[in-house]
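Chemist: What follows is the file my_file.pdb, containing PDB, C-alpha atoms:
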ATOM      1  CA  VAL A  47      92.755  88.122  74.520
ATOM      2  CA  ASP A  48      96.455  88.331  73.749
ATOM      3  CA  LEU A  49      98.497  89.753  76.655
ATOM      4  CA  SER A  50     102.016  91.114  76.417
ATOM      5  CA  LYS A  51     104.800  90.106  78.800
ATOM      6  CA  ALA A  52     104.279  93.354  80.736
ATOM      7  CA  GLU A  53     100.576  92.950  81.502
ATOM      8  CA  LEU A  54      98.228  90.482  83.120
ATOM      9  CA  GLY A  55      94.527  90.017  82.573
ATOM     10  CA  LEU A  56      91.633  90.062  85.016
ATOM     11  CA  VAL A  57      88.716  88.151  83.484
ATOM     12  CA  TYR A  58      85.213  89.159  84.578
ATOM     13  CA  GLU A  59      81.954  87.337  83.855
ATOM     14  CA  ARG A  60      78.801  89.169  84.954
ATOM     15  CA  ASP A  61      81.104  91.698  86.655
ATOM     16  CA  LYS A  62      82.610  89.005  88.898
ATOM     17  CA  LEU A  63      86.293  88.155  88.813
ATOM     18  CA  VAL A  64      86.661  84.568  87.549
ATOM     19  CA  ARG A  65      90.280  84.285  86.300
ATOM     20  CA  VAL A  66      93.675  85.916  86.502
ATOM     21  CA  LEU A  67      95.662  85.494  83.300
ATOM     22  CA  ALA A  68      99.452  85.460  83.507
ATOM     23  CA  PRO A  69     101.599  87.831  81.437
ATOM     24  CA  GLY A  70     101.980  86.640  77.860
ATOM     25  CA  ALA A  71      98.817  84.505  78.019
ATOM     26  CA  ARG A  72      96.514  84.031  75.073
ATOM     27  CA  GLN A  73      92.891  83.119  75.697
ATOM     28  CA  PHE A  74      89.818  82.763  73.479
ATOM     29  CA  TYR A  75      86.227  83.471  74.525
ATOM     30  CA  TRP A  76      82.927  83.019  72.652
ATOM     31  CA  ARG A  77      81.097  86.256  72.024
ATOM     32  CA  ALA A  78      77.640  84.605  72.020
ATOM     33  CA  ALA A  79      78.062  83.124  75.519
ATOM     34  CA  GLU A  80      78.047  85.091  78.775
ATOM     35  CA  PRO A  81      79.437  88.620  78.423
ATOM     36  CA  VAL A  82      83.140  88.490  79.215
ATOM     37  CA  ARG A  83      85.291  91.487  80.026
ATOM     38  CA  VAL A  84      89.085  91.345  80.343
ATOM     39  CA  GLU A  85      90.808  94.162  82.185
ATOM     40  CA  ARG A  86      94.482  94.549  81.269
ATOM     41  CA  VAL A  87      96.772  95.479  84.161
ATOM     42  CA  ASP A  88     100.295  96.803  83.695
ATOM     43  CA  ILE A  89     102.545  94.808  86.032
ATOM     44  CA  GLY A  90     105.149  97.573  85.962
ATOM     45  CA  ALA A  91     102.977  99.248  88.578
ATOM     46  CA  LEU A  92     103.861  97.457  91.781
ATOM     47  CA  ALA A  93     100.862  98.256  93.988
ATOM     48  CA  ILE A  94      97.415  96.828  93.314
ATOM     49  CA  ASP A  95      94.493  99.253  93.011
ATOM     50  CA  ALA A  96      92.179  99.270  96.073
ATOM     51  CA  THR A  97      89.087  98.126  94.158
ATOM     52  CA  VAL A  98      90.965  95.243  92.519
ATOM     53  CA  LEU A  99      92.551  94.346  95.853
ATOM     54  CA  LYS A 100      89.113  94.036  97.434
ATOM     55  CA  GLN A 101      88.099  91.546  94.721
ATOM     56  CA  LEU A 102      91.331  89.569  95.070
ATOM     57  CA  ARG A 103      90.760  89.112  98.809
ATOM     58  CA  ALA A 104      87.401  87.338  98.294
ATOM     59  CA  PRO A 105      87.837  84.721  95.553
ATOM     60  CA  ALA A 106      84.816  82.598  94.637
ATOM     61  CA  ALA A 107      86.536  79.378  93.546
ATOM     62  CA  PRO A 108      89.615  77.405  94.702
ATOM     63  CA  GLU A 109      91.230  77.574  91.245
ATOM     64  CA  LEU A 110      90.838  81.372  91.304
ATOM     65  CA  GLN A 111      92.491  81.398  94.735
ATOM     66  CA  ARG A 112      95.532  79.571  93.280
ATOM     67  CA  GLU A 113      95.731  82.012  90.360
ATOM     68  CA  ILE A 114      95.578  84.974  92.753
ATOM     69  CA  GLN A 115      98.339  83.528  94.959
ATOM     70  CA  ALA A 116     100.559  83.082  91.907
ATOM     71  CA  ALA A 117      99.868  86.599  90.623
ATOM     72  CA  ALA A 118      99.725  88.745  93.762
ATOM     73  CA  LEU A 119     101.045  89.115  97.276
ATOM     74  CA  VAL A 120      98.261  90.291  99.568
ATOM     75  CA  VAL A 121      99.241  91.046 103.151
ATOM     76  CA  GLU A 122      97.497  92.542 106.146
ATOM     77  CA  VAL A 123      99.517  94.511 108.670
ATOM     78  CA  ALA A 124      97.555  94.600 111.920
ATOM     79  CA  ALA A 125      97.447  97.379 114.489
ATOM     80  CA  GLU A 126     100.591  97.537 116.620
ATOM     81  CA  GLN A 127     102.605  96.010 113.768
ATOM     82  CA  VAL A 128     104.903  97.346 111.077
ATOM     83  CA  GLY A 129     105.431  95.693 107.699
ATOM     84  CA  LEU A 130     108.731  95.780 105.825
ATOM     85  CA  LEU A 131     108.329  95.358 102.057
ATOM     86  CA  MET A 132     111.302  93.526 100.542
ATOM     87  CA  ILE A 133     111.626  93.476  96.737
ATOM     88  CA  ASP A 134     114.379  91.280  95.303
ATOM     89  CA  GLY A 135     116.057  91.233  98.721
ATOM     90  CA  ALA A 136     116.133  95.013  99.222
ATOM     91  CA  LEU A 137     114.006  96.989 101.672
ATOM     92  CA  ARG A 138     111.671  99.215  99.641
ATOM     93  CA  ALA A 139     108.996 100.467 102.039
ATOM     94  CA  VAL A 140     107.836 100.517 105.646
ATOM     95  CA  LEU A 141     104.125  99.665 105.811
ATOM     96  CA  ALA A 142     101.752 101.092 108.411
ATOM     97  CA  PRO A 143      98.744  99.025 109.579
ATOM     98  CA  GLY A 144      96.402  98.202 106.694
ATOM     99  CA  VAL A 145      95.907  95.823 103.768
ATOM    100  CA  TYR A 146      98.369  95.896 100.888
ATOM    101  CA  GLY A 147      98.614  94.113  97.569
ATOM    102  CA  TYR A 148     101.498  93.849  95.103
ATOM    103  CA  TRP A 149     101.878  92.098  91.736
ATOM    104  CA  ARG A 150     104.428  89.268  91.919
ATOM    105  CA  TYR A 151     105.396  88.751  88.272
ATOM    106  CA  GLY A 152     109.033  89.565  87.543
ATOM    107  CA  ARG A 153     109.977  90.194  91.177
ATOM    108  CA  ASN A 154     110.645  88.370  94.404
ATOM    109  CA  LEU A 155     108.346  89.910  97.031
ATOM    110  CA  ARG A 156     108.209  89.437 100.768
ATOM    111  CA  VAL A 157     106.672  91.391 103.635
ATOM    112  CA  ASP A 158     108.194  90.903 107.074
ATOM    113  CA  VAL A 159     105.751  91.840 109.816
ATOM    114  CA  VAL A 160     107.283  93.145 113.055
ATOM    115  CA  ASP A 161     105.219  93.253 116.241
ATOM    116  CA  THR A 162     105.729  96.525 118.137
ATOM    117  CA  ARG A 163     103.742  95.621 121.264
ATOM    118  CA  LEU A 164     105.382  95.112 124.640
ATOM    119  CA  ALA A 165     106.980  91.671 124.940
ATOM    120  CA  GLU A 166     108.348  89.833 127.952
ATOM    121  CA  LEU A 167     111.658  88.013 128.089
ATOM    122  CA  GLU A 168     112.722  85.797 130.991
ATOM    123  CA  VAL A 169     116.284  84.822 131.832
ATOM    124  CA  ALA A 170     115.703  81.998 134.306
ATOM    125  CA  GLY A 171     117.936  80.021 136.645
ATOM    126  CA  GLN A 172     121.322  81.695 136.180
ATOM    127  CA  GLU A 173     123.996  80.314 138.508
ATOM    128  CA  ILE A 174     126.414  83.182 139.133
ATOM    129  CA  LEU A 175     129.456  83.475 141.406
ATOM    130  CA  THR A 176     129.902  86.793 143.185
ATOM    131  CA  ARG A 177     133.327  88.402 143.642
ATOM    132  CA  ASP A 178     133.680  86.729 147.095
ATOM    133  CA  LYS A 179     132.853  83.252 145.584
ATOM    134  CA  VAL A 180     129.254  82.998 146.818
ATOM    135  CA  SER A 181     127.015  81.103 144.397
ATOM    136  CA  LEU A 182     123.674  82.736 143.624
ATOM    137  CA  ARG A 183     120.761  81.514 141.541
ATOM    138  CA  VAL A 184     119.113  84.486 139.830
ATOM    139  CA  ASN A 185     116.055  84.968 137.622
ATOM    140  CA  LEU A 186     115.474  88.095 135.543
ATOM    141  CA  VAL A 187     112.372  89.284 133.696
ATOM    142  CA  ALA A 188     112.597  92.124 131.183
ATOM    143  CA  VAL A 189     109.916  93.879 129.164
ATOM    144  CA  TYR A 190     110.874  95.342 125.788
ATOM    145  CA  ARG A 191     109.303  96.909 122.724
ATOM    146  CA  ILE A 192     110.699  97.233 119.208
ATOM    147  CA  THR A 193     110.604 100.914 118.290
ATOM    148  CA  ASP A 194     112.647 100.800 115.066
ATOM    149  CA  ALA A 195     111.515  97.845 112.950
ATOM    150  CA  VAL A 196     113.995  98.552 110.156
ATOM    151  CA  LEU A 197     116.941  98.515 112.542
ATOM    152  CA  ALA A 198     115.657  95.384 114.299
ATOM    153  CA  LYS A 199     115.320  93.416 111.028
ATOM    154  CA  THR A 200     118.421  94.660 109.222
ATOM    155  CA  ARG A 201     121.000  94.637 112.033
ATOM    156  CA  VAL A 202     120.051  91.567 114.089
ATOM    157  CA  ALA A 203     119.092  88.096 112.828
ATOM    158  CA  ASP A 204     116.977  87.223 115.902
ATOM    159  CA  VAL A 205     116.009  90.131 118.164
ATOM    160  CA  ARG A 206     114.710  87.909 120.978
ATOM    161  CA  ALA A 207     117.873  85.755 121.132
ATOM    162  CA  TYR A 208     120.079  88.859 120.978
ATOM    163  CA  ALA A 209     118.178  90.532 123.835
ATOM    164  CA  TYR A 210     118.347  87.310 125.892
ATOM    165  CA  ARG A 211     122.128  87.082 125.511
ATOM    166  CA  GLU A 212     122.636  90.773 126.318
ATOM    167  CA  LEU A 213     120.468  90.470 129.443
ATOM    168  CA  GLN A 214     122.294  87.305 130.504
ATOM    169  CA  PHE A 215     125.751  88.873 130.083
ATOM    170  CA  GLY A 216     124.653  92.110 131.791
ATOM    171  CA  LEU A 217     123.209  90.158 134.729
ATOM    172  CA  ARG A 218     126.404  88.101 135.132
ATOM    173  CA  GLN A 219     128.564  91.211 134.979
ATOM    174  CA  ALA A 220     126.441  93.163 137.483
ATOM    175  CA  ILE A 221     126.296  90.352 140.050
ATOM    176  CA  GLY A 222     129.826  89.056 139.492
ATOM    177  CA  MET A 223     131.303  92.420 140.538
ATOM    178  CA  ARG A 224     129.447  92.495 143.880
TER
END
Do you think you could lay out the structure here as structure tokens?
Modeler:
Amino acid sequence: VDLSKAELGLVYERDKLVRVLAPGARQFYWRAAEPVRVERVDIGALAIDATVLKQLRAPAAPELQREIQAAALVVEVAAEQVGLLMIDGALRAVLAPGVYGYWRYGRNLRVDVVDTRLAELEVAGQEILTRDKVSLRVNLVAVYRITDAVLAKTRVADVRAYAYRELQFGLRQAIGMR
């Protein structure tokens, strides 16, 4: 097997995946031994086929697991979550719940998973002076949900810290004027 720089090889023995060959690899197999089949995969195609993805998610050996981690990014986006696919630092796709697989070679891949369930944020023990100089100790609990994952990840570094500061400043302003 002699692979080009634009393809990788999936090596099957007895119809079981046993190796993932990197682009440009050269490998020799005996014809008289166990029947070996090598499936060539074009890495120009970003997404991994569903049948191949199923095989990649259940590796038989630890060395195969390492080869799969080097070759592919496999991510599961759970219910009530949104995945943001980043390729070479740019947002390329918004992923709905499900299992996704992408070939890594020649690209820097990352999937940021954003939880869209209700979350609670507590601003505790704020000492605030009212307009007539009375000191109050105030606690505030807020419930929020991220509805636009792209906006939350691209505009704010830390959504939780940003929301905390906004709640804290809003609380101080509201009470300080009374």
Chemist: Let me make sure I understand: among A:Lys100, A:Arg224, A:Lys51, A:Arg211, which one has the smallest atom-to-atom distance to Ala71 of chain A if we use all atoms listed in the file?
Modeler: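 When distances to Ala71 of chain A are compared using all atoms listed in the file, the smallest one comes from A:Lys51.
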Chemist: Write out as a PyMOL selection string the residues lying within 12 Å of segment 181-194 of chain A, counting all atoms listed in the file and excluding same-chain residues fewer than 4 positions away.
Modeler: chain A and resi 126-130+140+159-177+198-202+205-206+209-210+212-218+220-222+224
Chemist: Find, counting only C-alpha atoms, the residue in A:Gln73, A:Val47, A:Arg65, A:Tyr151 that gets nearest to Ala106 of chain A.
Modeler: A:Arg65
Chemist: Given the choices A:Leu119, A:Ala207, A:Val84, A:Ala78, which gets closest to Glu59 of chain A if the distance is worked out from only C-alpha atoms?
Modeler: A:Val84
Chemist: Pull out every residue that the PyMOL selection byres ((chain A and resi 89) around 9) matches in the shown coordinates and put them as a PDB file with C-alpha atoms, in the frame of the given file.
Modeler:
ATOM      1  CA  LYS A  51     104.800  90.106  78.800  1.00  0.00           C
ATOM      2  CA  ALA A  52     104.279  93.354  80.736  1.00  0.00           C
ATOM      3  CA  GLU A  53     100.576  92.950  81.502  1.00  0.00           C
ATOM      4  CA  LEU A  54      98.228  90.482  83.120  1.00  0.00           C
ATOM      5  CA  PRO A  69     101.599  87.831  81.437  1.00  0.00           C
ATOM      6  CA  VAL A  87      96.772  95.479  84.161  1.00  0.00           C
ATOM      7  CA  ASP A  88     100.295  96.803  83.695  1.00  0.00           C
ATOM      8  CA  GLY A  90     105.149  97.573  85.962  1.00  0.00           C
ATOM      9  CA  ALA A  91     102.977  99.248  88.578  1.00  0.00           C
ATOM     10  CA  LEU A  92     103.861  97.457  91.781  1.00  0.00           C
ATOM     11  CA  ALA A  93     100.862  98.256  93.988  1.00  0.00           C
ATOM     12  CA  TRP A 149     101.878  92.098  91.736  1.00  0.00           C
ATOM     13  CA  ARG A 150     104.428  89.268  91.919  1.00  0.00           C
ATOM     14  CA  TYR A 151     105.396  88.751  88.272  1.00  0.00           C
ATOM     15  CA  GLY A 152     109.033  89.565  87.543  1.00  0.00           C
TER      16      GLY A 152
END
